[in-house]
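Data first, discussion second: the structure below is written as structure tokens.
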Amino acid sequence: MNRRCLLASGAAALAAPLLAPGRLAAQAPKRATIAMDWAFQGVTAPWTMAEDRGWFREAGANVVVNRGFGSGDTVVKVASGASDMGYADIYSVARFVGQNPGRRLVAFFMVHDRSALSVAVPGDSPIRLPSQLAGHTLAAPAGDASRDLFPLFASKSGFDPAQVSWQTVSPDLRETMLLRKQADGISGHITTIAMNLKGIGVDLKTIRFFPYADFGLPLYGHTLFTTEAFAQANPDVLTATIRGTVRGLRAMIADPAAAAEASRRREALLDVATERERILLGIDVIFVTPHVREQGFGRVDMARLESTVAEVSQAFGMAQPVRAADFYTDRYLPPAADLAFAA
């Protein structure tokens with residue numbers, strides 16, 4: 001080989017490594033953020049495990065999971081671009097869409113087949129039926145989904161929601177207000193209220209819950225959602241997020257103790273035993289229903305969603321009622337086999 005060929009070969013060899021980083025960068029998973037509805041708990045383990053164990057990356061997206069501060073706050077964060085995706089109550093998403101028609105949101109994976117929205121009162125309270133909440137005071141943080149949907153719950157229960165007074169409190173004071181009887185009741189997710197109370201030594205037999213789903217409201221619960229613009233630009237990220245979520249759900253259901261331990265890696269003050277119980281409660285109440293066992297995760301009954309969205313629109317007094325098709329789609333779901341309850 002002559003000297004000119006050797007020089008050419010050497011130049012090519014030197015140039016090759018310079019191209020590799022660009023090629024690798026082009027193949028690197030797209031980075032995206034997702035905001036939870038609340039602080040990290042056992043029931044957010046599907047997402048934190050999917051990030052920590054690389055399941056999102058294996059599915060094709062680099063998803064970074066952040067804590068939230070209430071469903072209403074999460075919806076605003078996603079709509080404003082502060083987070084690429086969110087995990088929040090689907091009717092909070094519907095309400096935002098109805099009130100902000102120019103700011104399109106897309107719900108792309110239904111996580112909770114049954115709503116955990118509820119009101120809780122002391123067991124010794126004279127309030128034994130939802131209708132008896134009229135004339136009383138409830139406490140909840142601003143943006144709490146149970147508070148947002150209370151008007152519909154009241155309507156279904158036969159009383160005017162305006163007959164209830166609300167105290168806005170920080171999340172860490174909600175259960176304290178109930179125990180000190182500074183409010184007649186509180187609103188929130190059953191899993192959150194129950195485990196917060198149990199964590200401070202309260203016997204749950206001394207608390208009376210009114211789950212919205214038990215009083216004429218076959219509501220869905222939380223969904224994954226994003227903006228229409230992000231969805232259109234990143235369809236593969238949405239599908240990868242669903243795949244990672246389903247893998248996380250299966251792992252949490254199969255081993256609640258391991259999921260609780262994984263959650264503590266995100267929030268050192270969590271009690272593993274308490275979070276395991278929260279997960280078990282969540283599995284029974286919101287994550288696993290006969291429909292999920294039969295049809296798989298994220299399979300939505302459109303007639304049910306449409307009817308509940310219509311009722312929510314009416315309860316919120318929206319000038320233009322929202323339809324489910326205005327903000328929900330199944331186009332980013334992976335094949336049905338990938339959504340099966342058991343892998």
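Going through the structure tokens in order, the chains are called A, B, and so on, while each chain numbers its residues from 1 and the ligands are numbered from 1 in the order shown.
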Quick one: residues within 9 Å of Leu149 (chain A), only C-alpha atoms, excluding same-chain residues fewer than 5 positions away - as an NGL selection string?
:A and (91-92 or 117 or 144 or 154 or 312 or 315-316)
Fewer than 3 positions away in the same chain doesn't count, so skip those; otherwise give me all residues within 10 Å of region 262-264 of chain A, counting only C-alpha atoms, as a PyMOL selection string.
chain A and resi 40-49+52-53+252+256-259+267-272+275-276
Mind checking which residues fall within 10 Å of Thr176 (chain A), counting only C-alpha atoms, ignoring those fewer than 6 positions away in the same chain, and posting them as a ChimeraX atom specification?
/A:182-183,186,196-197,200
Which residues come within 8 Å of Val65 (chain A), counting only C-alpha atoms, excluding same-chain residues fewer than 2 positions away, as number ranges by chain?
A: 33-36, 47-48, 51, 63, 67
Grab the residues selected above and save them as an mmCIF file, in the first residue's frame with N, CA and C atoms.
data_model
loop_
_atom_site.group_PDB
_atom_site.id
_atom_site.type_symbol
_atom_site.label_atom_id
_atom_site.label_comp_id
_atom_site.auth_asym_id
_atom_site.auth_seq_id
_atom_site.Cartn_x
_atom_site.Cartn_y
_atom_site.Cartn_z
ATOM 1 N N THR A 33 -40.777 14.819 30.380
ATOM 2 C CA THR A 33 -41.119 14.844 31.800
ATOM 3 C C THR A 33 -42.586 14.492 31.996
ATOM 4 N N ILE A 34 -42.876 13.887 33.143
ATOM 5 C CA ILE A 34 -44.258 13.606 33.510
ATOM 6 C C ILE A 34 -44.461 13.996 34.963
ATOM 7 N N ALA A 35 -45.497 14.777 35.217
ATOM 8 C CA ALA A 35 -45.811 15.229 36.580
ATOM 9 C C ALA A 35 -46.896 14.338 37.172
ATOM 10 N N MET A 36 -46.648 13.834 38.372
ATOM 11 C CA MET A 36 -47.660 13.057 39.078
ATOM 12 C C MET A 36 -48.752 13.999 39.603
ATOM 13 N N TRP A 47 -44.608 4.427 38.008
ATOM 14 C CA TRP A 47 -43.844 5.382 37.209
ATOM 15 C C TRP A 47 -42.423 5.550 37.726
ATOM 16 N N THR A 48 -42.256 5.620 39.026
ATOM 17 C CA THR A 48 -40.897 5.771 39.546
ATOM 18 C C THR A 48 -40.077 4.508 39.285
ATOM 19 N N GLU A 51 -39.040 4.474 35.628
ATOM 20 C CA GLU A 51 -37.890 5.347 35.364
ATOM 21 C C GLU A 51 -36.621 4.758 35.959
ATOM 22 N N VAL A 63 -38.167 9.023 30.125
ATOM 23 C CA VAL A 63 -39.205 9.731 30.870
ATOM 24 C C VAL A 63 -38.711 10.032 32.286
ATOM 25 N N ARG A 67 -42.845 14.844 41.121
ATOM 26 C CA ARG A 67 -43.996 14.860 42.010
ATOM 27 C C ARG A 67 -44.982 15.939 41.567
#
If you run DSSP over the backbone, which residues in region 52-222 of chain A end up strand (DSSP E or B)? Put them as JSON, numbers by chain.
{"A": [61, 62, 63, 64, 65, 66, 85, 86, 87, 88, 89, 105, 106, 107, 108, 109, 110, 117, 118, 119, 120, 121, 122, 137, 138, 139, 140, 165, 166, 167, 168, 185, 186, 187, 188, 189, 207, 208, 209, 210, 211, 222]}
Selection to disk with C-alpha atoms, as a CSV table (one decimal), in the first residue's frame:
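File written: part_31.csv
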chain,number,residue,atom,x,y,z
A,61,ALA,CA,-38.4,7.1,25.8
A,62,ASN,CA,-36.3,8.8,28.5
A,63,VAL,CA,-39.2,9.7,30.9
A,64,VAL,CA,-38.4,11.8,34.0
A,65,VAL,CA,-41.0,11.5,36.8
A,66,ASN,CA,-41.7,14.5,39.0
A,85,MET,CA,-47.1,14.9,30.3
A,86,GLY,CA,-49.2,14.5,33.4
A,87,TYR,CA,-51.1,12.1,35.6
A,88,ALA,CA,-54.3,13.5,36.9
A,89,ASP,CA,-58.0,13.0,37.3
A,105,LEU,CA,-55.1,18.6,25.9
A,106,VAL,CA,-55.1,14.9,25.0
A,107,ALA,CA,-55.8,12.0,27.4
A,108,PHE,CA,-54.0,9.0,26.0
A,109,PHE,CA,-54.1,6.2,28.7
A,110,MET,CA,-56.7,5.6,31.4
A,117,LEU,CA,-62.7,10.4,44.8
A,118,SER,CA,-64.5,10.6,48.2
A,119,VAL,CA,-65.6,12.6,51.2
A,120,ALA,CA,-64.6,11.4,54.7
A,121,VAL,CA,-66.3,12.3,58.0
A,122,PRO,CA,-65.6,11.0,61.6
A,137,THR,CA,-68.1,22.6,56.4
A,138,LEU,CA,-65.6,20.6,54.4
A,139,ALA,CA,-61.8,21.1,54.1
A,140,ALA,CA,-59.5,20.3,51.2
A,165,SER,CA,-68.9,25.7,53.0
A,166,TRP,CA,-65.3,25.0,52.1
A,167,GLN,CA,-62.1,25.7,53.9
A,168,THR,CA,-58.9,25.7,51.8
A,185,GLY,CA,-65.4,16.5,56.8
A,186,ILE,CA,-62.7,16.5,54.2
A,187,SER,CA,-62.5,15.5,50.5
A,188,GLY,CA,-59.8,13.6,48.7
A,189,HIS,CA,-58.7,10.2,47.4
A,207,ILE,CA,-63.8,7.1,59.8
A,208,ARG,CA,-66.8,7.0,57.4
A,209,PHE,CA,-66.1,7.3,53.7
A,210,PHE,CA,-68.5,8.3,51.0
A,211,PRO,CA,-66.8,7.1,47.7
A,222,HIS,CA,-56.7,9.2,36.7
Name the closest residue to Asp338 (chain A) among the candidates A:Ile286, A:Ala233, A:Ala240, A:Ala194; distances are taken between atoms, counting only C-alpha atoms.
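Under the stated criterion, the closest residue is A:Ala240.
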Among region 132-323 of chain A, which residues carry a DSSP assignment of helix (DSSP H, G or I), reported as a VMD selection string?
chain A and resid 132 to 133 145 to 148 150 to 157 161 to 163 171 to 179 190 to 199 204 to 206 212 to 214 228 to 233 235 to 254 256 to 264 272 to 287 290 to 295 302 to 315
Can I get the selected residues back with C-alpha atoms, as a short mmCIF file (atom, residue, chain, number, x, y, z; two decimals), in the first residue's frame?
data_model
loop_
_atom_site.label_atom_id
_atom_site.label_comp_id
_atom_site.auth_asym_id
_atom_site.auth_seq_id
_atom_site.Cartn_x
_atom_site.Cartn_y
_atom_site.Cartn_z
CA GLN A 132 -76.60 15.24 55.22
CA LEU A 133 -73.43 17.11 54.26
CA ALA A 145 -60.12 16.57 42.33
CA SER A 146 -62.72 15.42 44.89
CA ARG A 147 -63.41 19.03 45.73
CA ASP A 148 -63.60 20.00 42.06
CA PHE A 150 -68.13 17.74 44.58
CA PRO A 151 -70.93 19.65 42.79
CA LEU A 152 -71.71 16.56 40.71
CA PHE A 153 -71.56 14.32 43.77
CA ALA A 154 -73.95 16.67 45.58
CA SER A 155 -76.30 16.79 42.62
CA LYS A 156 -76.44 13.00 42.43
CA SER A 157 -77.03 12.87 46.18
CA PRO A 161 -73.51 21.99 46.63
CA ALA A 162 -73.80 25.67 47.59
CA GLN A 163 -75.12 24.47 50.95
CA PRO A 171 -52.34 19.15 52.02
CA ASP A 172 -50.51 18.39 55.26
CA LEU A 173 -53.32 19.93 57.35
CA ARG A 174 -56.31 18.24 55.71
CA GLU A 175 -56.49 15.17 57.98
CA THR A 176 -55.61 17.28 61.01
CA MET A 177 -58.67 19.44 60.35
CA LEU A 178 -60.81 16.30 60.46
CA LEU A 179 -59.28 14.90 63.65
CA ILE A 190 -59.59 7.29 49.59
CA THR A 191 -56.05 5.93 49.35
CA THR A 192 -54.51 9.24 50.39
CA ILE A 193 -56.87 10.05 53.25
CA ALA A 194 -56.97 6.51 54.63
CA MET A 195 -53.22 6.01 54.70
CA ASN A 196 -52.48 9.50 56.01
CA LEU A 197 -54.83 8.82 58.90
CA LYS A 198 -53.51 5.35 59.51
CA GLY A 199 -49.98 6.68 59.44
CA LEU A 204 -59.96 3.54 59.99
CA LYS A 205 -63.04 1.98 61.55
CA THR A 206 -63.57 5.37 63.20
CA TYR A 212 -68.28 8.95 44.76
CA ALA A 213 -68.30 5.71 42.78
CA ASP A 214 -70.74 4.19 45.30
CA GLU A 228 -52.16 18.06 21.47
CA ALA A 229 -48.97 19.62 20.12
CA PHE A 230 -46.71 17.30 22.15
CA ALA A 231 -48.78 14.26 21.17
CA GLN A 232 -48.60 15.03 17.48
CA ALA A 233 -44.86 15.67 17.61
CA PRO A 235 -46.38 9.76 19.27
CA ASP A 236 -43.61 7.23 20.01
CA VAL A 237 -42.97 8.86 23.41
CA LEU A 238 -46.62 8.45 24.38
CA THR A 239 -46.68 4.78 23.39
CA ALA A 240 -43.39 4.18 25.22
CA THR A 241 -44.81 5.88 28.30
CA ILE A 242 -47.82 3.57 28.20
CA ARG A 243 -45.60 0.50 27.85
CA GLY A 244 -43.46 1.56 30.81
CA THR A 245 -46.56 2.36 32.86
CA VAL A 246 -48.14 -1.05 32.21
CA ARG A 247 -44.89 -2.77 33.17
CA GLY A 248 -44.81 -0.71 36.35
CA LEU A 249 -48.45 -1.52 37.15
CA ARG A 250 -47.82 -5.23 36.76
CA ALA A 251 -44.74 -5.02 39.00
CA MET A 252 -46.59 -3.08 41.71
CA ILE A 253 -49.52 -5.52 41.70
CA ALA A 254 -47.25 -8.57 41.74
CA PRO A 256 -46.55 -4.44 46.65
CA ALA A 257 -43.77 -4.63 49.23
CA ALA A 258 -41.05 -4.17 46.61
CA ALA A 259 -43.02 -1.30 45.07
CA ALA A 260 -43.32 0.38 48.46
CA GLU A 261 -39.59 0.00 49.02
CA ALA A 262 -38.92 1.48 45.59
CA SER A 263 -41.12 4.48 46.48
CA ARG A 264 -39.05 5.17 49.57
CA VAL A 272 -42.75 1.03 53.75
CA ALA A 273 -45.45 -0.83 55.70
CA THR A 274 -47.89 2.06 55.30
CA GLU A 275 -47.14 2.40 51.59
CA ARG A 276 -47.63 -1.32 51.06
CA GLU A 277 -51.09 -1.00 52.61
CA ARG A 278 -51.80 2.04 50.44
CA ILE A 279 -50.88 0.00 47.37
CA LEU A 280 -53.10 -2.90 48.42
CA LEU A 281 -55.98 -0.49 48.98
CA GLY A 282 -55.32 1.16 45.63
CA ILE A 283 -55.29 -2.18 43.84
CA ASP A 284 -58.68 -3.06 45.31
CA VAL A 285 -60.28 0.36 44.84
CA ILE A 286 -58.92 1.92 41.65
CA PHE A 287 -56.39 -0.10 39.68
CA PRO A 290 -63.26 -7.07 36.75
CA HIS A 291 -63.08 -5.00 33.55
CA VAL A 292 -59.30 -4.63 33.86
CA ARG A 293 -58.81 -8.33 34.54
CA GLU A 294 -60.85 -9.21 31.47
CA GLN A 295 -59.98 -6.45 29.00
CA MET A 302 -66.48 5.02 25.50
CA ALA A 303 -70.20 5.04 26.35
CA ARG A 304 -69.36 5.16 30.05
CA LEU A 305 -66.74 7.86 29.57
CA GLU A 306 -69.04 9.91 27.33
CA SER A 307 -71.92 9.83 29.82
CA THR A 308 -69.74 10.76 32.80
CA VAL A 309 -68.01 13.56 30.89
CA ALA A 310 -71.45 14.94 29.95
CA GLU A 311 -72.52 14.91 33.59
CA VAL A 312 -69.30 16.58 34.69
CA SER A 313 -69.72 19.26 32.03
CA GLN A 314 -73.21 19.99 33.30
CA ALA A 315 -72.10 20.03 36.93
#
Of the listed residues A:Phe96, A:Asp160, A:Asp84, A:Trp55, that which approaches Gly135 (chain A) most closely, counting only C-alpha atoms
A:Asp160
Counting only C-alpha atoms, the residue of A:Ser131, A:Thr289, A:Thr223, A:Ser71 that sits nearest Asp330 (chain A):
A:Thr223
Work out how far apart CA of Gly158 (chain A) and CA of Tyr220 (chain A) are and give it in Å to one decimal.
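So the answer is 21.4 Å.
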Please list as a ChimeraX atom specification every residue within 9 Å of Ala79 (chain A), counting only C-alpha atoms and excluding residues in the same chain fewer than 2 positions away.
/A:74-77,81-84,96,103-105,226-227
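Straight-line separation from CA of Pro29 (chain A) to CA of Ala50 (chain A): 14.3 Å.
The coordinates place CA of Gly70 (chain A) at 18.3 Å from CA of Gln99 (chain A).
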